[in-house]
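> Quick one, model-v9.txt (compact mmCIF, C-alpha atoms):
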```txt
# COMPACT_ATOMS: atom_id res chain seq x y z
CA MET M 1 -92.74 -51.89 21.52
CA VAL M 2 -89.23 -53.05 22.45
CA LEU M 3 -86.00 -54.16 20.82
CA TYR M 4 -84.10 -56.37 23.25
CA MET M 5 -80.38 -56.80 22.59
CA VAL M 6 -79.50 -59.98 24.48
CA GLY M 7 -75.97 -61.21 25.17
CA LEU M 8 -75.50 -64.98 24.98
CA GLY M 9 -72.08 -65.22 26.61
CA LEU M 10 -69.20 -67.18 25.13
CA GLY M 11 -69.91 -70.87 25.54
CA ASP M 12 -73.18 -72.53 24.62
CA GLU M 13 -76.94 -72.39 25.07
CA ASP M 14 -76.60 -72.46 28.87
CA ASP M 15 -74.63 -69.21 29.10
CA ILE M 16 -77.62 -66.93 28.57
CA THR M 17 -78.64 -65.16 31.80
CA VAL M 18 -81.90 -65.98 33.54
CA LYS M 19 -83.11 -62.48 32.70
CA GLY M 20 -82.06 -62.90 29.07
CA LEU M 21 -83.85 -66.24 28.75
CA LYS M 22 -87.08 -64.82 30.15
CA VAL M 23 -86.88 -61.93 27.68
CA VAL M 24 -86.28 -64.24 24.70
CA GLN M 25 -89.17 -66.47 25.63
CA SER M 26 -91.46 -63.44 25.87
CA CYS M 27 -90.58 -62.09 22.43
CA ASP M 28 -92.59 -62.33 19.23
CA ILE M 29 -89.57 -62.39 16.91
CA VAL M 30 -86.01 -63.57 17.62
CA PHE M 31 -82.87 -62.91 15.56
CA LEU M 32 -79.39 -64.39 16.07
CA GLU M 33 -76.51 -62.19 14.90
CA ALA M 34 -74.06 -64.52 13.21
CA TYR M 35 -71.17 -62.57 11.72
CA THR M 36 -69.18 -60.84 14.49
CA SER M 37 -68.79 -64.05 16.52
CA VAL M 38 -70.08 -67.61 16.83
CA LEU M 39 -71.31 -69.72 19.72
CA GLY M 40 -70.20 -73.27 20.53
CA VAL M 41 -73.62 -74.66 19.45
CA ASP M 42 -75.82 -74.13 16.40
CA LYS M 43 -79.15 -72.36 15.95
CA ASP M 44 -81.16 -75.58 16.22
CA ARG M 45 -79.84 -76.19 19.72
CA LEU M 46 -80.74 -72.65 20.78
CA GLU M 47 -84.26 -73.08 19.40
CA GLU M 48 -84.65 -76.34 21.28
CA VAL M 49 -83.58 -74.88 24.63
CA TYR M 50 -85.13 -71.42 24.32
CA GLY M 51 -88.39 -72.71 22.86
CA LYS M 52 -88.45 -70.08 20.10
CA SER M 53 -87.99 -70.00 16.35
CA ILE M 54 -84.79 -68.08 15.53
CA THR M 55 -83.83 -66.25 12.33
CA VAL M 56 -80.10 -66.03 11.59
CA ALA M 57 -79.11 -62.42 10.91
CA ASP M 58 -76.06 -62.10 8.66
CA ARG M 59 -74.22 -58.84 7.98
CA ASP M 60 -76.41 -57.95 5.00
CA LEU M 61 -79.60 -58.37 7.01
CA VAL M 62 -78.37 -56.26 9.93
CA GLU M 63 -76.69 -53.51 7.94
CA GLN M 64 -78.98 -53.34 4.88
CA GLN M 65 -82.35 -54.84 5.81
CA ALA M 66 -82.69 -54.04 9.52
CA GLU M 67 -85.18 -51.21 8.93
CA ASP M 68 -87.74 -53.58 7.42
CA LEU M 69 -86.96 -56.88 9.12
CA ILE M 70 -85.89 -55.86 12.66
CA LEU M 71 -86.91 -52.30 13.45
CA GLU M 72 -90.30 -52.10 11.73
CA PRO M 73 -91.64 -55.14 13.66
CA ALA M 74 -90.22 -53.67 16.90
CA VAL M 75 -92.60 -50.71 16.57
CA ASP M 76 -95.50 -52.82 17.85
CA LYS M 77 -93.90 -56.17 18.79
CA LYS M 78 -91.23 -57.50 21.12
CA VAL M 79 -88.11 -58.30 19.09
CA ALA M 80 -85.00 -60.02 20.48
CA PHE M 81 -81.60 -59.59 18.83
CA LEU M 82 -79.23 -62.25 20.20
CA VAL M 83 -75.51 -61.51 20.25
CA VAL M 84 -72.65 -63.87 21.14
CA GLY M 85 -70.74 -62.31 24.02
CA ASP M 86 -72.06 -58.90 25.08
CA PRO M 87 -74.25 -56.72 22.80
CA VAL M 88 -72.23 -53.52 23.27
CA CYS M 89 -68.82 -54.90 22.28
CA ALA M 90 -69.25 -54.38 18.52
CA THR M 91 -69.89 -51.08 16.75
CA THR M 92 -72.45 -52.65 14.40
CA HIS M 93 -74.70 -53.29 17.40
CA THR M 94 -74.34 -49.70 18.59
CA ASP M 95 -75.45 -48.59 15.13
CA LEU M 96 -78.57 -50.77 15.40
CA TRP M 97 -79.28 -49.28 18.85
CA LEU M 98 -79.01 -45.76 17.42
CA ARG M 99 -81.30 -46.51 14.49
CA ALA M 100 -83.90 -47.95 16.85
CA ARG M 101 -83.77 -44.90 19.13
CA GLN M 102 -84.12 -42.61 16.10
CA ARG M 103 -87.39 -44.37 15.42
CA LYS M 104 -88.47 -43.90 19.06
CA ILE M 105 -88.26 -47.65 19.70
CA GLU M 106 -87.42 -48.61 23.26
CA VAL M 107 -84.16 -50.57 23.47
CA GLN M 108 -83.15 -52.75 26.40
CA VAL M 109 -79.68 -54.32 26.61
CA ILE M 110 -79.18 -57.58 28.53
CA HIS M 111 -75.44 -57.90 29.19
CA ASN M 112 -73.33 -61.05 29.36
CA ALA M 113 -69.71 -62.23 29.41
CA SER M 114 -67.45 -61.25 26.51
CA ILE M 115 -63.87 -61.85 25.41
CA MET M 116 -63.06 -58.40 26.83
CA GLY M 117 -63.50 -59.80 30.33
CA ALA M 118 -62.59 -63.43 29.66
CA ALA M 119 -59.09 -62.30 28.65
CA GLY M 120 -58.47 -61.86 32.38
CA ALA M 121 -58.40 -65.66 32.71
CA SER M 122 -54.84 -65.43 31.38
CA GLY M 123 -53.81 -63.81 34.65
CA LEU M 124 -53.22 -60.42 33.05
CA GLN M 125 -54.82 -57.52 34.90
CA LEU M 126 -57.67 -56.00 32.91
CA TYR M 127 -56.72 -52.58 34.29
CA SER M 128 -53.42 -52.87 32.42
CA PHE M 129 -54.88 -53.30 28.93
CA GLY M 130 -54.73 -50.51 26.36
CA HIS M 131 -56.40 -50.27 22.96
CA THR M 132 -58.03 -53.44 21.64
CA VAL M 133 -57.10 -54.11 18.01
CA SER M 134 -58.47 -56.25 15.19
CA ILE M 135 -56.17 -58.36 13.03
CA PRO M 136 -57.66 -58.82 9.52
CA PHE M 137 -56.74 -61.63 7.15
CA PHE M 138 -53.94 -60.70 4.75
CA ASP M 139 -54.33 -61.60 1.09
CA ASP M 140 -52.23 -61.16 -2.06
CA LYS M 141 -53.46 -57.60 -2.67
CA TRP M 142 -54.33 -56.29 0.80
CA ARG M 143 -52.05 -56.56 3.83
CA PRO M 144 -53.28 -53.85 6.22
CA THR M 145 -51.32 -53.11 9.38
CA SER M 146 -53.45 -50.37 10.94
CA PHE M 147 -53.23 -52.35 14.18
CA TYR M 148 -49.49 -51.72 14.47
CA PRO M 149 -49.57 -48.07 15.70
CA LYS M 150 -52.06 -48.99 18.41
CA ILE M 151 -49.89 -51.89 19.59
CA LYS M 152 -46.95 -49.45 19.59
CA TYR M 153 -48.92 -46.96 21.69
CA ASN M 154 -49.87 -49.67 24.17
CA ARG M 155 -46.37 -51.07 24.42
CA GLN M 156 -44.84 -47.63 24.96
CA GLY M 157 -47.24 -47.18 27.88
CA GLY M 158 -46.49 -50.62 29.30
CA MET M 159 -50.02 -51.81 28.46
CA HIS M 160 -51.23 -55.17 27.18
CA THR M 161 -52.97 -55.44 23.80
CA LEU M 162 -55.95 -57.71 23.17
CA CYS M 163 -56.03 -58.72 19.51
CA LEU M 164 -59.39 -59.82 18.11
CA LEU M 165 -58.88 -62.12 15.15
CA ASP M 166 -60.72 -61.92 11.85
CA ILE M 167 -63.88 -63.87 11.05
CA LYS M 168 -65.16 -64.36 7.51
CA VAL M 169 -68.75 -65.63 7.40
CA LYS M 170 -70.96 -65.69 4.29
CA GLU M 171 -68.38 -63.90 2.18
CA PRO M 172 -69.42 -63.68 -1.50
CA ASP M 173 -67.60 -65.78 -4.08
CA PHE M 174 -66.75 -63.08 -6.63
CA GLU M 175 -65.62 -65.57 -9.27
CA ALA M 176 -69.04 -67.23 -9.12
CA MET M 177 -70.74 -63.83 -9.22
CA MET M 178 -68.88 -62.99 -12.43
CA LYS M 179 -70.54 -66.07 -13.92
CA GLY M 180 -73.96 -64.92 -12.77
CA LYS M 181 -74.13 -67.30 -9.80
CA THR M 182 -74.79 -66.41 -6.17
CA ARG M 183 -72.39 -68.40 -4.04
CA TYR M 184 -70.66 -67.89 -0.70
CA LEU M 185 -67.22 -68.96 0.43
CA PRO M 186 -66.81 -71.37 3.37
CA PRO M 187 -66.50 -69.66 6.76
CA ARG M 188 -62.96 -68.76 7.84
CA PHE M 189 -61.78 -68.07 11.36
CA MET M 190 -58.31 -66.66 11.95
CA SER M 191 -56.14 -68.80 14.20
CA VAL M 192 -53.55 -67.66 16.70
CA ASN M 193 -50.99 -69.19 14.34
CA THR M 194 -52.01 -66.99 11.41
CA ALA M 195 -52.22 -63.91 13.62
CA ALA M 196 -48.70 -64.57 14.93
CA GLU M 197 -47.35 -64.91 11.39
CA GLN M 198 -49.01 -61.66 10.30
CA LEU M 199 -47.80 -59.78 13.35
CA LEU M 200 -44.26 -60.97 12.67
CA GLU M 201 -44.54 -59.80 9.07
CA ALA M 202 -45.86 -56.41 10.18
CA GLU M 203 -42.87 -55.95 12.50
CA ASP M 204 -40.03 -57.60 10.60
CA LEU M 205 -40.90 -56.71 7.00
CA THR M 206 -43.22 -53.71 7.03
CA HIS M 207 -42.68 -51.34 9.96
CA LYS M 208 -39.38 -52.46 11.52
CA GLU M 209 -39.79 -50.23 14.60
CA ASN M 210 -38.98 -52.90 17.20
CA VAL M 211 -42.36 -52.52 18.89
CA TYR M 212 -42.28 -56.21 19.79
CA ASP M 213 -39.78 -59.01 19.35
CA GLY M 214 -40.92 -62.34 17.89
CA ASN M 215 -38.40 -64.21 20.03
CA LYS M 216 -38.61 -62.25 23.28
CA THR M 217 -41.96 -60.50 23.76
CA LEU M 218 -44.40 -62.60 25.77
CA CYS M 219 -47.80 -63.19 24.17
CA VAL M 220 -50.80 -65.28 25.17
CA GLY M 221 -52.95 -67.32 22.79
CA LEU M 222 -56.59 -67.86 23.75
CA ALA M 223 -58.97 -70.39 22.21
CA ARG M 224 -62.67 -71.07 22.82
CA MET M 225 -62.82 -68.92 25.94
CA GLY M 226 -65.84 -69.68 28.11
CA GLN M 227 -66.16 -73.21 26.76
CA THR M 228 -65.13 -76.39 28.57
CA SER M 229 -62.37 -76.90 25.98
CA GLN M 230 -60.87 -73.41 26.36
CA LYS M 231 -57.10 -73.24 25.89
CA ILE M 232 -54.59 -70.66 27.12
CA VAL M 233 -50.93 -70.82 26.08
CA ALA M 234 -48.20 -68.25 26.75
CA GLY M 235 -45.03 -67.91 24.70
CA THR M 236 -43.35 -65.75 22.08
CA LEU M 237 -44.94 -65.15 18.67
CA GLN M 238 -42.43 -67.49 17.07
CA GLU M 239 -43.46 -70.20 19.55
CA LEU M 240 -47.22 -69.62 19.43
CA LYS M 241 -47.36 -69.89 15.66
CA GLU M 242 -46.40 -73.59 16.04
CA VAL M 243 -48.98 -74.46 18.74
CA ASP M 244 -52.16 -76.38 17.88
CA PHE M 245 -54.94 -74.31 19.43
CA GLY M 246 -57.74 -76.39 17.94
CA GLU M 247 -61.16 -75.16 16.90
CA PRO M 248 -62.15 -71.46 16.80
CA LEU M 249 -62.67 -68.87 18.11
CA HIS M 250 -59.15 -67.62 18.86
CA SER M 251 -57.76 -64.37 20.31
CA LEU M 252 -54.24 -63.17 21.10
CA ILE M 253 -52.71 -60.92 23.74
CA ILE M 254 -49.42 -59.05 23.33
CA CYS M 255 -48.11 -58.39 26.82
CA GLY M 256 -46.84 -55.05 28.05
CA GLU M 257 -45.08 -54.58 31.39
CA LEU M 258 -45.63 -57.63 33.57
CA HIS M 259 -46.15 -57.52 37.30
CA ASP M 260 -45.17 -60.29 39.69
CA LEU M 261 -48.75 -61.51 40.23
CA GLU M 262 -49.34 -61.66 36.49
CA LEU M 263 -46.12 -63.61 35.98
CA GLU M 264 -47.06 -66.11 38.67
CA VAL M 265 -50.26 -66.97 36.78
CA LEU M 266 -48.60 -66.92 33.37
CA LYS M 267 -46.07 -69.51 34.56
CA GLU M 268 -48.97 -71.98 34.57
CA TYR M 269 -49.55 -71.38 30.85
CA LEU M 270 -45.98 -70.87 29.61
CA LEU M 271 -44.77 -73.33 26.97
CA GLU M 272 -42.16 -75.71 28.25
CA GLY M 273 -38.77 -74.62 26.94
CA SER M 274 -39.99 -71.14 26.01
CA THR M 275 -37.29 -68.60 25.21
CA PHE M 276 -39.14 -65.97 27.25
CA GLU M 277 -37.28 -65.28 30.46
CA MET M 278 -39.62 -65.05 33.43
CA GLU M 279 -37.09 -63.01 35.35
CA THR M 280 -37.44 -60.11 32.91
CA THR M 281 -37.74 -56.67 34.55
CA ILE M 282 -40.87 -56.62 36.67
CA ALA M 283 -42.73 -53.44 37.54
CA ASN M 284 -44.27 -52.83 40.93
CA PRO M 285 -47.44 -54.82 41.67
CA PRO M 286 -50.62 -53.09 40.49
CA GLU M 287 -52.56 -51.08 43.01
CA PRO M 288 -55.68 -52.89 44.27
CA GLN M 289 -58.69 -51.85 42.17
CA GLY M 290 -62.40 -51.98 43.03
CA ASN M 291 -64.11 -53.22 46.17
CA ALA M 292 -62.87 -50.16 48.08
CA GLU M 293 -65.32 -48.08 50.06
CA GLY M 294 -67.37 -45.94 47.69
CA GLU M 295 -66.34 -47.92 44.59
CA GLU M 296 -68.57 -50.13 42.55
CA GLU M 297 -67.87 -53.72 41.55
CA SER M 298 -66.71 -53.93 37.94
```
For the structure just supplied, provide its representation as structure tokens.

Amino acid sequence: MVLYMVGLGLGDEDDITVKGLKVVQSCDIVFLEAYTSVLGVDKDRLEEVYGKSITVADRDLVEQQAEDLILEPAVDKKVAFLVVGDPVCATTHTDLWLRARQRKIEVQVIHNASIMGAAGASGLQLYSFGHTVSIPFFDDKWRPTSFYPKIKYNRQGGMHTLCLLDIKVKEPDFEAMMKGKTRYLPPRFMSVNTAAEQLLEAEDLTHKENVYDGNKTLCVGLARMGQTSQKIVAGTLQELKEVDFGEPLHSLIICGELHDLELEVLKEYLLEGSTFEMETTIANPPEPQGNAEGEEES
């Protein structure tokens, strides 16, 4: 019948839209995607409020077992696939959409708030963002910096960069597997602090192209956006790596050219005693966007 991809927003069980809630309550089977992001409440709370039994869908289920567990039932039943944020903000969800359409299954997407829009709470104009990048956890053997050229491209164009920070959920414990045991490592969520340290390493030790300066370039740390405890702090990378941002999820913005309106808002979030100079060269204010005759609301 139908596969519904339902965005849950960023905060808790109350952030689902009225339309999304009605859809979930009408479905025969409900899955909760639980590896690209996490909500501020657990599955039990969602079940209590939505009045439906919910199956947690980890990466293996979505990428390896979706044909049997999600798509096959959707041939003759209503299936809801719940996604934290908005369903179309992760490529894995687009892949599921494509596989459903290949099987002639109707797909309906119920949108909601995502970090892509919530980043605007920092005061930075969304029209001035360039490529979004992902910052993966470094380890002893793998320290990828594929994000660096995209940050460089954005900075050369005066654009801001939204950095999405790594999440490790239900990662296999390979040492246990070598002993014939199935075990998973505890969840890990990258902090702004870790991201700042890795970005500094990428610039100072790996690339050395002066794309950003750890002591001068303004950045913005975001934590738990959309929740009542959300936190926004502006400062340099060297400064942000020392700030306690609290519980996950975290994101980070590397600023490009800053306009006067953006700076006025950022003053509210700037760390006291920051080495960033607010009187840095300011470009002309951005042209008004949207709401003009013949334009649609974004």
> With distances taken over all atoms listed in the file, which of M:Gln102, M:Gln156, M:Asn112, M:Thr36 is nearest to M:Val211?
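Closest to M:Val211, using all atoms listed in the file: M:Gln156.
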> For a quick check of understanding, using only C-alpha atoms, which of M:Arg45, M:Lys216, M:Arg101, M:Lys52 has the smallest distance to M:Leu21?
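Of the candidates, the smallest distance to M:Leu21 is held by M:Lys52.
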> Fewer than 6 positions away in the same chain doesn't count, so skip those; otherwise give me all residues within 7 Å of M:Ile54, counting only C-alpha atoms, as an mmCIF file with C-alpha atoms, in the frame of the given file.

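Output saved as selection.cif:
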```cif
data_model
loop_
_atom_site.group_PDB
_atom_site.id
_atom_site.type_symbol
_atom_site.label_atom_id
_atom_site.label_comp_id
_atom_site.auth_asym_id
_atom_site.auth_seq_id
_atom_site.Cartn_x
_atom_site.Cartn_y
_atom_site.Cartn_z
ATOM 1 C CA VAL M 30 -86.010 -63.570 17.620
ATOM 2 C CA PHE M 31 -82.870 -62.910 15.560
ATOM 3 C CA LEU M 32 -79.390 -64.390 16.070
ATOM 4 C CA GLU M 47 -84.260 -73.080 19.400
#
```
> Taking only C-alpha atoms into account, which of M:Gln125, M:Tyr212, M:Thr132, M:Leu162 comes nearest M:Leu263?
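With only C-alpha atoms as the atom set, the closest residue is M:Gln125.
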> Which neighbours of M:Pro149 fall inside 12 Å, counting only C-alpha atoms, when residues of the same chain fewer than 6 positions from it are skipped, and could you give them as a PyMOL selection string?
chain M and resi 131-133+155-156+161+202-203+207-212
> Which residues of stretch 18-62 of chain M sit at most 12 Å from stretch 171-191 of chain M, using all atoms listed in the file? Give each one's shortest atom pair and distance in Å (one decimal place), in chain and ascending residue order, as a tab-separated table.

```
residue	atom	partner	partner_atom	distance
M:Ala34	CA	M:Pro187	CA	11.2
M:Tyr35	CA	M:Pro187	CA	9.8
M:Thr36	CA	M:Phe189	CA	10.8
M:Ser37	CA	M:Phe189	CA	9.6
M:Val38	CA	M:Phe189	CA	10.0
M:Asp58	CA	M:Glu171	CA	10.2
M:Arg59	CA	M:Glu171	CA	9.7
M:Asp60	CA	M:Glu171	CA	10.4
```
> So, with all atoms listed in the file as the atoms that count, which of M:Ala100, M:Leu8, M:Leu271, M:Val265 lies closest to M:Gly235?
M:Leu271
